[in-house]
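Source file: protein-v5.txt. Holds: compact mmCIF, C-alpha atoms.
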```
# COMPACT_ATOMS: atom_id res chain seq x y z
CA MET A 13 78.84 112.25 115.03
CA ALA A 14 78.06 108.75 116.28
CA ASP A 15 80.00 106.06 114.49
CA GLY A 16 77.83 103.08 113.57
CA ASN A 17 80.79 100.71 113.33
CA PRO A 18 81.23 98.97 116.75
CA ASN A 19 84.91 98.32 116.00
CA SER A 20 85.73 101.92 115.19
CA ASN A 21 86.44 102.87 118.82
CA PRO A 22 88.10 99.80 120.36
CA GLY A 23 90.76 101.69 122.30
CA VAL A 24 88.36 103.50 124.61
CA LEU A 25 86.15 100.45 125.13
CA GLU A 26 89.07 98.15 125.86
CA SER A 27 90.76 100.58 128.24
CA LEU A 28 87.48 101.30 130.04
CA GLY A 29 86.82 97.58 130.50
CA GLU A 30 90.32 97.02 131.86
CA GLU A 31 89.98 99.90 134.30
CA ILE A 32 86.63 98.65 135.58
CA VAL A 33 88.16 95.22 136.15
CA ARG A 34 91.10 96.80 137.98
CA ILE A 35 88.65 98.37 140.42
CA VAL A 36 86.11 95.53 140.68
CA ALA A 37 88.81 92.89 141.30
CA PRO A 38 90.32 94.42 144.48
CA VAL A 39 86.88 95.35 145.82
CA SER A 40 85.73 91.77 145.28
CA ALA A 41 88.90 90.40 146.88
CA CYS A 42 88.40 92.62 149.94
CA MET A 43 84.80 91.50 150.35
CA LEU A 44 85.74 87.84 149.85
CA LEU A 45 88.45 87.96 152.52
CA VAL A 46 86.11 89.63 155.00
CA VAL A 47 83.45 86.99 154.34
CA LEU A 48 86.01 84.22 154.87
CA LEU A 49 87.17 85.80 158.14
CA VAL A 50 83.63 86.25 159.40
CA THR A 51 82.51 82.73 158.55
CA SER A 52 85.71 81.14 159.90
CA LEU A 53 86.02 83.03 163.16
CA HIS A 54 82.38 83.39 164.09
CA ALA A 55 81.68 79.74 163.23
CA GLY A 56 84.45 78.70 165.59
CA GLY A 57 83.40 81.09 168.33
CA ASP A 58 86.71 83.00 168.17
CA GLY A 59 85.42 86.14 166.54
CA GLY A 60 85.44 88.12 169.73
CA SER A 61 82.56 89.90 171.42
CA ALA A 62 81.06 93.21 170.36
CA VAL A 63 83.76 95.86 170.39
CA THR A 64 83.65 99.14 172.29
CA SER A 65 84.52 102.11 170.11
CA ILE A 66 83.33 105.54 169.05
CA ALA A 67 80.50 103.82 167.17
CA THR A 68 79.11 102.39 170.43
CA ILE A 69 79.99 105.15 172.87
CA ALA A 70 76.43 106.50 173.12
CA TYR A 71 74.51 103.23 173.33
CA SER A 72 75.44 99.63 174.07
CA GLU A 73 72.98 97.27 172.42
CA GLU A 74 71.59 94.38 174.45
CA ALA A 75 69.57 91.44 173.20
CA SER A 76 66.82 92.18 175.73
CA ASP A 77 66.29 95.76 174.50
CA SER A 78 63.06 96.59 172.72
CA PHE A 79 62.77 97.42 169.03
CA TRP A 80 62.49 101.15 169.64
CA ASP A 81 65.36 101.17 172.11
CA LYS A 82 67.62 99.46 169.57
CA LEU A 83 66.53 101.81 166.79
CA GLU A 84 66.98 104.94 168.88
CA GLY A 85 70.33 103.76 170.23
CA ALA A 86 71.61 102.79 166.77
CA LEU A 87 70.64 106.18 165.33
CA LEU A 88 72.34 107.93 168.24
CA ASN A 89 75.52 105.86 167.76
CA SER A 90 75.62 106.60 164.04
CA LEU A 91 75.03 110.31 164.66
CA VAL A 92 77.93 110.49 167.13
CA PHE A 93 80.19 108.59 164.72
CA VAL A 94 79.36 110.86 161.76
CA VAL A 95 79.88 114.00 163.87
CA VAL A 96 83.31 112.76 164.98
CA ILE A 97 84.26 111.86 161.39
CA THR A 98 83.09 115.27 160.16
CA VAL A 99 85.12 117.14 162.79
CA LEU A 100 88.22 115.05 162.05
CA THR A 101 87.84 115.61 158.30
CA PHE A 102 87.55 119.38 158.73
CA LEU A 103 90.63 119.23 160.95
CA LEU A 104 92.41 117.32 158.16
CA VAL A 105 91.41 120.03 155.68
CA LEU A 106 92.72 122.72 158.04
CA LEU A 107 96.06 120.96 158.50
CA PHE A 108 96.36 120.42 154.76
CA TYR A 109 95.53 124.07 154.12
CA PHE A 110 98.37 125.20 156.39
CA ARG A 111 100.69 122.65 154.78
CA CYS A 112 101.29 120.59 157.92
CA MET A 113 102.34 117.72 155.68
CA ARG A 114 104.93 116.28 158.04
CA PHE A 115 102.32 115.90 160.78
CA LEU A 116 99.74 114.45 158.38
CA LYS A 117 102.17 111.91 156.98
CA SER A 118 103.35 110.94 160.46
CA TYR A 119 99.76 110.44 161.58
CA MET A 120 98.93 108.33 158.52
CA VAL A 121 102.04 106.20 159.06
CA PHE A 122 101.18 105.71 162.73
CA SER A 123 97.53 104.84 162.03
CA SER A 124 98.51 102.34 159.33
CA PHE A 125 101.03 100.72 161.68
CA VAL A 126 98.37 100.47 164.40
CA VAL A 127 95.89 98.86 162.01
CA LEU A 128 98.41 96.32 160.74
CA GLY A 129 100.06 95.68 164.09
CA LEU A 130 97.25 95.80 166.65
CA LEU A 131 94.11 94.98 164.69
CA GLY A 132 95.97 92.59 162.40
CA GLY A 133 97.76 90.96 165.33
CA GLN A 134 94.49 90.36 167.18
CA ILE A 135 92.91 88.80 164.09
CA PHE A 136 95.98 86.59 163.60
CA LEU A 137 95.60 85.44 167.19
CA PHE A 138 91.96 84.58 166.51
CA LEU A 139 93.05 82.56 163.46
CA ILE A 140 95.81 80.79 165.37
CA ALA A 141 93.38 79.79 168.10
CA ARG A 142 90.74 78.76 165.56
CA PHE A 143 92.98 76.52 163.44
CA TYR A 144 95.40 75.43 166.20
CA VAL A 145 98.52 76.78 164.49
CA PRO A 146 101.67 75.84 166.45
CA ILE A 147 103.76 79.00 166.85
CA ASP A 148 105.76 80.52 169.70
CA VAL A 149 105.52 84.09 170.97
CA VAL A 150 108.92 85.21 169.66
CA THR A 151 108.27 83.97 166.13
CA PHE A 152 104.79 85.48 166.10
CA SER A 153 106.09 88.84 167.32
CA LEU A 154 108.85 88.95 164.70
CA LEU A 155 106.48 87.99 161.90
CA LEU A 156 103.93 90.57 163.02
CA LEU A 157 106.58 93.30 163.27
CA ASN A 158 107.87 92.52 159.78
CA PHE A 159 104.33 92.40 158.42
CA SER A 160 103.52 95.82 159.91
CA VAL A 161 106.77 97.56 158.96
CA VAL A 162 106.76 96.24 155.40
CA GLY A 163 103.10 97.24 155.10
CA VAL A 164 103.79 100.81 156.15
CA MET A 165 106.71 101.02 153.73
CA ALA A 166 104.62 99.53 150.92
CA VAL A 167 101.83 102.05 151.44
CA PHE A 168 103.92 105.21 151.79
CA LEU A 169 107.08 104.64 149.73
CA SER A 170 106.81 105.50 146.06
CA LYS A 171 109.41 103.00 144.83
CA VAL A 172 107.52 99.94 146.08
CA PRO A 173 105.98 97.74 143.34
CA ILE A 174 102.39 98.75 142.75
CA LEU A 175 101.06 95.22 143.33
CA VAL A 176 102.60 95.20 146.81
CA ASN A 177 101.12 98.62 147.52
CA GLN A 178 97.69 97.55 146.31
CA GLY A 179 97.85 94.30 148.26
CA TYR A 180 98.58 96.05 151.56
CA LEU A 181 95.86 98.64 150.95
CA VAL A 182 93.36 95.83 150.45
CA THR A 183 94.72 94.16 153.60
CA ILE A 184 94.15 97.32 155.63
CA GLY A 185 90.61 97.48 154.29
CA VAL A 186 89.99 93.85 155.26
CA LEU A 187 91.30 94.32 158.81
CA VAL A 188 89.24 97.45 159.49
CA ALA A 189 86.12 96.02 157.85
CA TYR A 190 86.29 92.86 159.96
CA TRP A 191 86.38 94.89 163.17
CA PHE A 192 83.35 96.85 162.00
CA THR A 193 81.46 93.56 161.62
CA LEU A 194 81.91 93.05 165.38
CA LEU A 195 79.66 96.04 166.09
CA PRO A 196 76.08 95.33 167.20
CA GLU A 197 73.72 94.57 164.32
CA TRP A 198 71.46 97.61 164.57
CA THR A 199 74.40 99.96 164.99
CA THR A 200 76.10 98.45 161.94
CA TRP A 201 73.12 99.02 159.65
CA ALA A 202 72.50 102.52 160.97
CA LEU A 203 76.19 103.32 160.51
CA LEU A 204 76.16 102.15 156.88
CA VAL A 205 73.18 104.39 156.09
CA ALA A 206 74.66 107.35 157.97
CA MET A 207 78.05 107.07 156.26
CA SER A 208 76.37 106.91 152.84
CA LEU A 209 74.47 110.12 153.57
CA TYR A 210 77.64 111.70 154.94
CA ASP A 211 79.57 110.72 151.81
CA LEU A 212 76.85 112.25 149.65
CA ALA A 213 76.84 115.53 151.58
CA ALA A 214 80.61 115.77 152.06
CA VAL A 215 81.26 115.38 148.34
CA LEU A 216 78.42 117.28 146.68
CA LEU A 217 77.67 120.18 149.04
CA PRO A 218 79.72 123.33 148.35
CA GLY A 219 81.11 123.37 151.89
CA GLY A 220 81.53 119.63 152.21
CA PRO A 221 84.84 118.65 153.84
CA LEU A 222 85.80 116.06 151.24
CA ARG A 223 85.02 118.46 148.43
CA LEU A 224 87.10 121.19 150.07
CA LEU A 225 89.96 118.74 150.51
CA VAL A 226 89.96 117.68 146.86
CA GLU A 227 89.59 121.24 145.57
CA LEU A 228 92.59 122.25 147.64
CA ALA A 229 94.64 119.25 146.46
CA ILE A 230 93.85 119.91 142.80
CA SER A 231 94.54 123.64 143.07
CA ARG A 232 97.99 122.82 144.45
CA ASP A 233 98.52 119.85 142.13
CA GLU A 234 99.26 117.63 145.15
CA GLU A 235 98.22 114.16 146.23
CA LEU A 236 95.36 113.74 148.68
CA PRO A 237 96.48 113.18 152.29
CA ALA A 238 94.45 110.00 152.53
CA LEU A 239 94.64 106.27 151.89
CA VAL A 240 93.30 105.62 148.42
CA TYR A 241 93.55 102.60 146.16
CA GLU A 242 95.19 103.41 142.84
CA ALA A 243 94.60 101.10 139.90
CA ARG A 244 97.39 100.65 137.40
CA PRO A 245 96.97 102.94 134.39
CA VAL A 246 96.14 101.43 131.04
CA GLU A 247 98.58 102.62 128.41
CA GLN A 248 98.40 101.60 124.80
CA ASN A 249 101.11 102.09 122.25
CA GLN A 250 98.84 102.73 119.30
CA PRO A 251 98.48 106.44 118.51
CA GLY A 252 94.98 107.75 119.07
CA ALA A 253 93.85 104.61 120.92
CA GLY A 254 93.07 104.29 124.58
CA ARG A 255 93.28 106.81 127.38
CA ARG A 256 96.04 109.29 128.01
CA LEU A 257 97.83 110.07 131.22
CA TRP A 258 96.15 113.00 132.90
CA ARG A 259 99.18 115.24 132.78
CA GLU A 260 99.21 114.80 129.01
CA ARG A 261 95.53 115.45 128.46
CA ARG A 262 95.84 119.20 128.25
CA ASP A 263 97.85 118.81 125.06
CA THR A 264 95.40 116.19 123.84
CA ALA A 265 92.43 118.44 124.52
CA THR A 266 94.17 121.27 122.68
CA ASN A 267 94.80 118.99 119.69
CA SER A 268 91.17 117.85 119.75
CA SER A 269 89.97 121.45 119.75
CA SER A 270 92.24 122.16 116.80
CA ASN A 271 90.81 119.15 114.96
CA LEU A 272 87.25 120.33 115.53
CA ASN A 273 88.13 123.85 114.46
CA GLY A 274 89.63 122.38 111.30
CA LEU A 275 86.37 120.58 110.61
CA GLU A 276 84.36 123.77 111.06
CA ALA A 277 86.73 125.59 108.71
CA GLY A 278 86.16 122.93 106.08
CA ASN A 279 88.83 120.28 105.68
CA PRO A 280 88.91 119.12 102.03
CA ASN A 281 89.87 115.54 103.01
CA PRO A 282 86.78 113.55 104.15
CA GLN A 283 88.83 110.66 105.56
CA SER A 284 90.93 113.09 107.61
CA GLN A 285 87.74 114.76 108.84
CA GLU A 286 86.29 111.45 110.01
CA ALA A 287 89.52 110.37 111.68
CA ASN A 288 89.88 113.68 113.50
CA LEU A 289 86.28 113.55 114.70
CA VAL A 290 86.71 109.98 116.00
CA VAL A 291 89.80 111.06 117.96
CA ALA A 292 87.92 114.05 119.37
CA GLU A 293 84.99 111.83 120.41
CA GLU A 294 87.43 109.40 122.08
CA ASP A 295 88.96 112.24 124.08
CA ALA A 296 85.54 113.48 125.21
CA ALA A 297 84.41 109.97 126.18
CA VAL A 298 87.62 109.24 128.05
CA SER A 299 87.44 112.48 130.04
CA ALA A 300 83.89 111.57 131.03
CA VAL A 301 84.47 108.01 132.24
CA THR A 302 88.05 107.69 133.41
CA ALA A 303 87.74 109.88 136.49
CA PRO A 304 84.88 108.28 138.31
CA LEU A 305 85.71 106.41 141.44
CA LEU A 306 87.34 108.81 143.85
CA PRO A 307 84.34 109.86 145.97
CA PRO A 308 85.47 113.38 147.00
CA GLN A 309 85.69 115.23 143.69
CA LEU A 310 85.04 118.58 142.13
CA GLU A 311 81.87 119.27 140.21
CA ARG A 312 82.22 119.61 136.48
CA ARG A 313 84.22 122.55 135.35
CA ARG A 314 85.15 123.52 131.82
CA GLU A 315 86.36 120.51 129.89
CA GLU A 316 89.86 121.86 129.39
CA ASP A 317 90.27 122.25 133.16
CA ALA A 318 88.80 118.88 134.16
CA GLU A 319 91.58 116.49 133.21
CA GLY A 320 92.98 114.48 136.09
CA ILE A 321 90.06 114.71 138.53
CA GLY A 322 89.99 111.36 140.29
CA LEU A 323 93.30 110.35 138.76
CA GLY A 324 96.76 110.14 140.21
CA SER A 325 99.88 111.48 138.58
CA SER A 326 100.21 108.10 136.88
CA GLY A 327 96.80 108.44 135.24
CA ALA A 328 95.20 105.66 137.30
CA ILE A 329 91.70 105.65 138.75
CA LYS A 330 91.54 106.11 142.51
CA LEU A 331 88.97 104.69 144.92
CA GLY A 332 88.87 105.72 148.56
CA LEU A 333 89.75 102.97 151.01
CA GLY A 334 86.64 103.84 153.00
CA ASP A 335 84.53 102.54 150.14
CA PHE A 336 86.35 99.20 150.31
CA ILE A 337 85.70 99.06 154.04
CA PHE A 338 81.99 99.80 154.05
CA TYR A 339 81.28 97.57 151.04
CA SER A 340 82.97 94.75 152.92
CA VAL A 341 81.17 95.55 156.18
CA LEU A 342 77.83 95.15 154.43
CA VAL A 343 78.81 91.81 152.89
CA GLY A 344 80.41 90.68 156.16
CA ARG A 345 77.24 91.46 158.08
CA ALA A 346 75.28 89.46 155.50
CA ALA A 347 77.72 86.56 155.98
CA LEU A 348 76.65 86.38 159.62
CA TYR A 349 73.25 85.27 158.36
CA ASP A 350 73.75 83.01 155.31
CA PHE A 351 75.47 82.85 151.93
CA MET A 352 72.33 83.57 149.93
CA THR A 353 72.28 87.10 151.31
CA VAL A 354 76.03 87.37 150.68
CA TYR A 355 75.57 86.66 146.98
CA ALA A 356 72.66 89.10 146.75
CA CYS A 357 74.55 91.89 148.53
CA TYR A 358 77.68 91.34 146.43
CA LEU A 359 75.73 91.59 143.18
CA ALA A 360 73.94 94.68 144.48
CA ILE A 361 77.20 96.41 145.35
CA MET A 362 78.66 95.62 141.93
CA ALA A 363 75.47 96.91 140.32
CA GLY A 364 75.85 100.08 142.38
CA LEU A 365 79.36 100.61 141.05
CA ALA A 366 78.09 100.11 137.51
CA ILE A 367 75.27 102.62 138.08
CA THR A 368 77.76 105.11 139.50
CA LEU A 369 79.89 104.75 136.36
CA LEU A 370 76.80 105.22 134.19
CA LEU A 371 75.73 108.35 136.05
CA LEU A 372 79.24 109.75 135.75
CA ALA A 373 79.26 109.09 132.03
CA VAL A 374 75.87 110.77 131.61
CA TYR A 375 76.28 113.80 133.87
CA ARG A 376 80.06 114.15 133.47
CA LYS A 377 80.25 114.96 137.16
CA ALA A 378 82.06 113.03 139.86
CA LEU A 379 79.83 111.31 142.40
CA PRO A 380 80.48 109.57 145.74
CA ALA A 381 80.84 105.81 145.47
CA LEU A 382 78.98 104.76 148.64
CA PRO A 383 75.31 105.83 148.40
CA VAL A 384 74.09 103.82 145.40
CA SER A 385 75.93 100.61 146.29
CA ILE A 386 75.02 100.72 149.99
CA ALA A 387 71.37 101.50 149.23
CA LEU A 388 71.12 98.59 146.78
CA GLY A 389 73.02 96.30 149.15
CA ILE A 390 70.68 96.97 152.07
CA LEU A 391 67.63 96.65 149.83
CA PHE A 392 68.78 93.31 148.45
CA TYR A 393 69.67 92.10 151.94
CA LEU A 394 66.16 92.79 153.20
CA LEU A 395 64.50 91.32 150.11
CA THR A 396 66.64 88.19 150.23
CA ARG A 397 66.31 87.61 153.95
CA TYR A 398 62.60 88.30 154.33
CA SER A 399 61.20 87.38 150.90
CA LEU A 400 63.45 85.19 148.78
CA GLU A 401 64.52 82.92 151.61
CA VAL A 402 60.91 82.33 152.70
CA PHE A 403 60.00 81.53 149.11
CA MET A 404 62.91 79.11 148.73
CA VAL A 405 62.04 77.33 151.98
CA GLN A 406 58.45 76.91 150.87
CA CYS A 407 59.55 75.54 147.49
CA SER A 408 61.92 73.08 149.17
CA THR A 409 59.17 71.94 151.52
CA ASN A 410 56.75 71.37 148.65
CA LEU A 411 59.35 69.37 146.72
CA LEU A 412 59.99 67.16 149.75
CA MET A 413 56.28 66.50 150.11
CA PHE A 414 56.15 65.15 146.56
```
Show me this structure written as structure tokens.
Amino acid sequence: MADGNPNSNPGVLESLGEEIVRIVAPVSACMLLVVLLVTSLHAGGDGGSAVTSIATIAYSEEASDSFWDKLEGALLNSLVFVVVITVLTFLLVLLFYFRCMRFLKSYMVFSSFVVLGLLGGQIFLFLIARFYVPIDVVTFSLLLLNFSVVGVMAVFLSKVPILVNQGYLVTIGVLVAYWFTLLPEWTTWALLVAMSLYDLAAVLLPGGPLRLLVELAISRDEELPALVYEARPVEQNQPGAGRRLWRERRDTATNSSSNLNGLEAGNPNPQSQEANLVVAEEDAAVSAVTAPLLPPQLERRREEDAEGIGLGSSGAIKLGLGDFIFYSVLVGRAALYDFMTVYACYLAIMAGLAITLLLLAVYRKALPALPVSIALGILFYLLTRYSLEVFMVQCSTNLLMF
């Protein structure tokens, strides 16, 4: 029964809006920081040359290469990168299956320390050279060591304040995304498309590695062995309002079923019937829209078994750090051109997140977060660069003539 009163369901609407903001805000902050790094370092000539990595192992792009050479080389680079990522993800699933948790945690700690210490240290050196910051080697080394150690502790220790944890996760995303912007242009675009297709296949196909990983984690009731951003849960004190923590939703779903059964049996109190139905509709709506943003997720199961998919033990929405990185890479690549394309790509990515939420609410099935946003971002980049900019230049020229 749809309630015609817009104020009859404020808890769900308010909690949903807060959760969307808690995801959009860090994504926007990550993209903003990458844009600032790109514009600051590349404008000053301290951004470094094109990096050599797995993404460029098959083909090294040169400015003198032909169109077809660049296209073929970029596709080959992206294919090699996706194959390596696929093999590593299956290896991660295998280690997780055999409960090699000590090795997995040690690897994640080491990789996070390398990102913060090596990649972060190199970017700090770029910034010091760009802005002529007076600092000696000993002080810089101590600050970098503290920054890296505190970052690892903030990411992997459970007793660290959540804002510190979230801040360091965003920082890791910024550092990795900036280094991806140093890849050759054609390889970067091909890599974004390839990773979107990989995300789609790895999450939705029955044998996809990300899907297998999440199914295994949920069957064991364990956390994913991956870096994911966890938004703070929204808890409201009013009974029947807002979303519940996922570990409590089984009881809530049971109560909702009892309420509906009472309606079918014929409750003599109309007000009680309406109140029970509103609570049941809130529970159904919450279960549909509060689990959306963790890309590797199970397909829809029975409603009583679906609580907690995409949620941590605290009831918070989770978004993979890879989504942060590739969103920021797209915007960072646009920043190498001009700010008009940056604005267009940012709006397109946000629209992609909104569409993903809408699809999840309609189909009640978790979807990967990359494909829609990346597709819209690339489309808006091309339209802005090759259509809107030409139109704006022509309009400016005509105004100057008058």
Residue list as a ChimeraX atom specification for point (95.2, 85.7, 165.0), cut-off 12 Å, only C-alpha atoms: /A:49,52-53,58-60,128-147,152-153,155-156,187
Nearest to Leu224 in chain A, chosen from A:Phe108, A:Tyr71, A:Trp80, A:Trp191, with only C-alpha atoms counted in the distances: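 With only C-alpha atoms as the atom set, the closest residue is A:Phe108.
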A:Ala166, A:Leu203, A:Met404, A:Val384 ranked by distance to Gly85 in chain A, top pick (using only C-alpha atoms):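 Once distances to Gly85 in chain A are computed over only C-alpha atoms, the minimum belongs to A:Leu203.
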Between CA of Phe392 in chain A and CA of Gly332 in chain A, distance in Å (one decimal):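 Computed distance, CA of Phe392 in chain A to CA of Gly332 in chain A, equals 23.6 Å.
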Within 8 Å of Leu236 in chain A using all atoms listed in the file, minus same-chain residues under 3 positions, as a PyMOL selection string: chain A and resi 225-226+229
